[in-house]
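One structure is given here, and the rest of the page talks about it.
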Amino acid sequence: LLVPQIIRSLIDTGIGQKNFRYVLFLSLLLIVVAVVRGVFNFLQGYWSELTSQGVAYDLRNNIFNKLQKLSFSYHDRAQTGNLMTRMTSDVELVRMFTGTGLIQMISAFVMLIGTLVILFRMNWYLTLIFVGMLPIIGVIFFLFVRYILPLSKEVQERLGVLNTTLQENLAGVRVVKAFSREAYETERYLKQNRELMQSNVALMTIFARYFPTIFFVANAAIAIVLWTGGIQVMQKQMTIGELIAFISYQGFFLMPVFMLGMVGSSMSRAEASAQRLFEIIDADIEISDLPEAFPMPTVNGRVSFEQVGFRYRGSSQDVIRNITFQVEAGQLTAILGHTGAGKSTIINLIPRFYDPTQGVIRIDDMDIKKVTLHSLRAQIGIVLQDTTLFSGTIQENIAYGCPDASLVSVMQAARVAQADEFIRNLPQGYETIIGERGVGLSGGQRQRLAIARAILLNPRILIMDDSTSSVDAETDFLIQQALEKLLQGRTTFIIAQRLSTLRKADQILLLDHGQLIAKGTHSELLQTNETYAEILQTQF
C-alpha cells in the first residue's frame, strides 16, 4: 500500500520539481519496500505450506485410522477406487485451500479495508463512483459460488468412479485377458473418463462465464473513474500524481476482489472434498468395544451359538436364522452346505467381523460382545478363502500376526504348513520379496503361507475357510497330516471342501438356506439325512 504514495511523491515532488536527490531517495525506498515484501512473501509461503502439509498429514492419518476401525459391512459397500480418491485428491484440495486460500482470504480482506480507507481520504467523490460497481460484482460472485459447489462435488465423485474402474481393471487384468475383454474394458474406462472430462469442462465453463463479466464491470468502473478524474485534473482539482496514485489504489482494491472470487472457487471445491472426507470420519463404527468390555482371558475354546441370526446391512432377508449349536473345546467342526447356505457367515461371526442381528455367541460362556476385540481376535487364527499377502518378505508375511516372532518360529510354522520346502527353493529363501498380492507364487503356495501365518499365532480357536481349495491332492494330504498334531487341543472350524475333512470331523454342521438342518458325525448324517447324502454325491 506504500507504493502508490511513493510513486505519487516521486512524480509530484521529485520529478515535478526536478529534485533528483529526492528521486534517488524514493527509488531506493521502492527497492527497500520490494525487498521487505519479498521477505514477508517467503515467510508467508513457507509457513502456510508447512501448515497445509500438517493438515493433510493429520487428515490422511485420521482417515486411514478410521478405515482400519470400520467394520466389514462398511467395506462391503465402499468402492476401493472411491476411497483412494478421497485419500489423495480430496485431501489435496483441502490442503491447497488451507495453505493458500485461507491466507489469501485474510490478506484480501485486509487489503480491501486498508485500500478503501485510503481511497476515501484521497477523493471521496471518485471512490463513491468506483464503489458503486461492488454490488454488481457481489451478485455475480454469489451466483458463481452457488453453481460451482455441486459441480465440484460431481467432479470428485466422477474421479472416484474412474479410479474404481481403473483399480478393478488392474486387479482383474488376468480375467480381462483370459476372456478377451480388453476392448470392453477400454470402452468402459473411456466412458468414465469422458464423463469426468465433461464435468471438468462444465466447471471451467462457469469460470469462463462469470469472470469475464466481473472484469468487464471492473474495467467499466475504472474507465468512468479515469474520465471523471481526468476532468478534475484539467480543472486543477487534483494533480496527475494524485490521479495515478488513485488509479493504482483502484488496482490494489480490485486485486483482492478478484482474489476473493478465486478463493470462493477453491473454498467451494475444498468444501465439497471436505464433505466427502467427513463422510468417512463420521461413519459409524458398527463393531467396537463396549464401554464395559474386558480383556478375554486365555480360553479353552468352547464355542456356542444361541438362536443366532444375521442380516447384512441394507438387506431385507436374513442370511442365517435361529442357528443353535455348541462345539466343545478341542473339537474339529466341519461346516457343509450348498453355495449361499451361510457357511462363511457363521465363521465371520466368531471373530466379530460382523455382529449377529439376533441371538448370542459365547466362547467359554463369555458373550463375545462383552470382551475387547483385540483380546478376542488374538486367540483366533484365521485362514480366509481369499488369500491376501502383502508386499514384503516371506518371513514378514508369515509373521504378520506376530511381528516379534523369531526366524526359527517362522520356519517351524512353515514346515507345519508344508511351505518350508518351496520357500527354501526360492532365490532368497525366507528373505524373498513377494510382489503385490503375492504375484509370482501359485495359488497353493499362497494358501500355505496363509496357513503358516495362522499357525504361528498359536491360536486356541482355528478357522479355515476353504483353506486348501487351491492345493493339489498330494499337498492337501501332507497339510492334513501336519495339521493333525496342531489341531489337538484346539477348537477348529473348517468349511468342508474335501471328504477327508468330513470323515475326521467330530461334528458336522449341515446348513441349507440359512438354517441348521442337521448336525452330527459323518456316519450319523450319512445314515439319517438325505440332504447330506445328496451333497456328498454331487459335491464330492
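Identifiers in this document derive from the order of the C-alpha cells: chains are assigned A, B, ..., residues are numbered from 1 separately in each chain, and ligands are numbered from 1 in order of occurrence.
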| task | Fewer than 3 positions away in the same chain doesn't count, so skip those; otherwise give me all residues within 12 Å of stretch 529-536 of chain A, counting only C-alpha atoms, as number ranges by chain. | result | A: 335-339, 496-500, 502-503, 508-512, 516-526, 539-540
Give me, as a Markdown table, each residue of stretch 187-290 of chain A that comes within 9 Å of stretch 45-69 of chain A, together with its shortest interatomic pair and the distance in Å at one decimal, counting only C-alpha atoms, with rows ordered by chain and rising residue number.
```
| residue | atom | partner | partner_atom | distance |
| --- | --- | --- | --- | --- |
| A:Leu277 | CA | A:Ile63 | CA | 7.7 |
| A:Phe278 | CA | A:Ile63 | CA | 8.7 |
| A:Ile280 | CA | A:Ile63 | CA | 6.8 |
| A:Ile281 | CA | A:Ile63 | CA | 6.1 |
| A:Ala283 | CA | A:Lys66 | CA | 8.5 |
| A:Ile285 | CA | A:Lys69 | CA | 6.7 |
| A:Ile287 | CA | A:Lys69 | CA | 8.1 |
| A:Ser288 | CA | A:Lys69 | CA | 8.0 |
```
| Hey, which of A:Ala293, A:Val319, A:Val327, A:Leu389 ends up closest to A:Gly342? Count only C-alpha atoms. | A:Val319
| said: So that I can see what lies close to A:Glu421, please list as an MDAnalysis selection string the residues with an atom at most 12 Å from it, counting only C-alpha atoms and leaving out residues fewer than 2 positions away in the same chain. | reply: chainID A and resid 411:412 414:419 423:426 429:430 445 448:449 475
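When only C-alpha atoms are used to measure the gap to A:Val410, the shortest distance among A:Leu83, A:Gly444, A:Leu456, A:Asp367 belongs to A:Leu456.
Of the residues listed (A:Leu126, A:Lys177, A:Val371, A:Leu462), A:Leu126 shows the shortest atom-to-atom separation from A:Gly230; distances use only C-alpha atoms.
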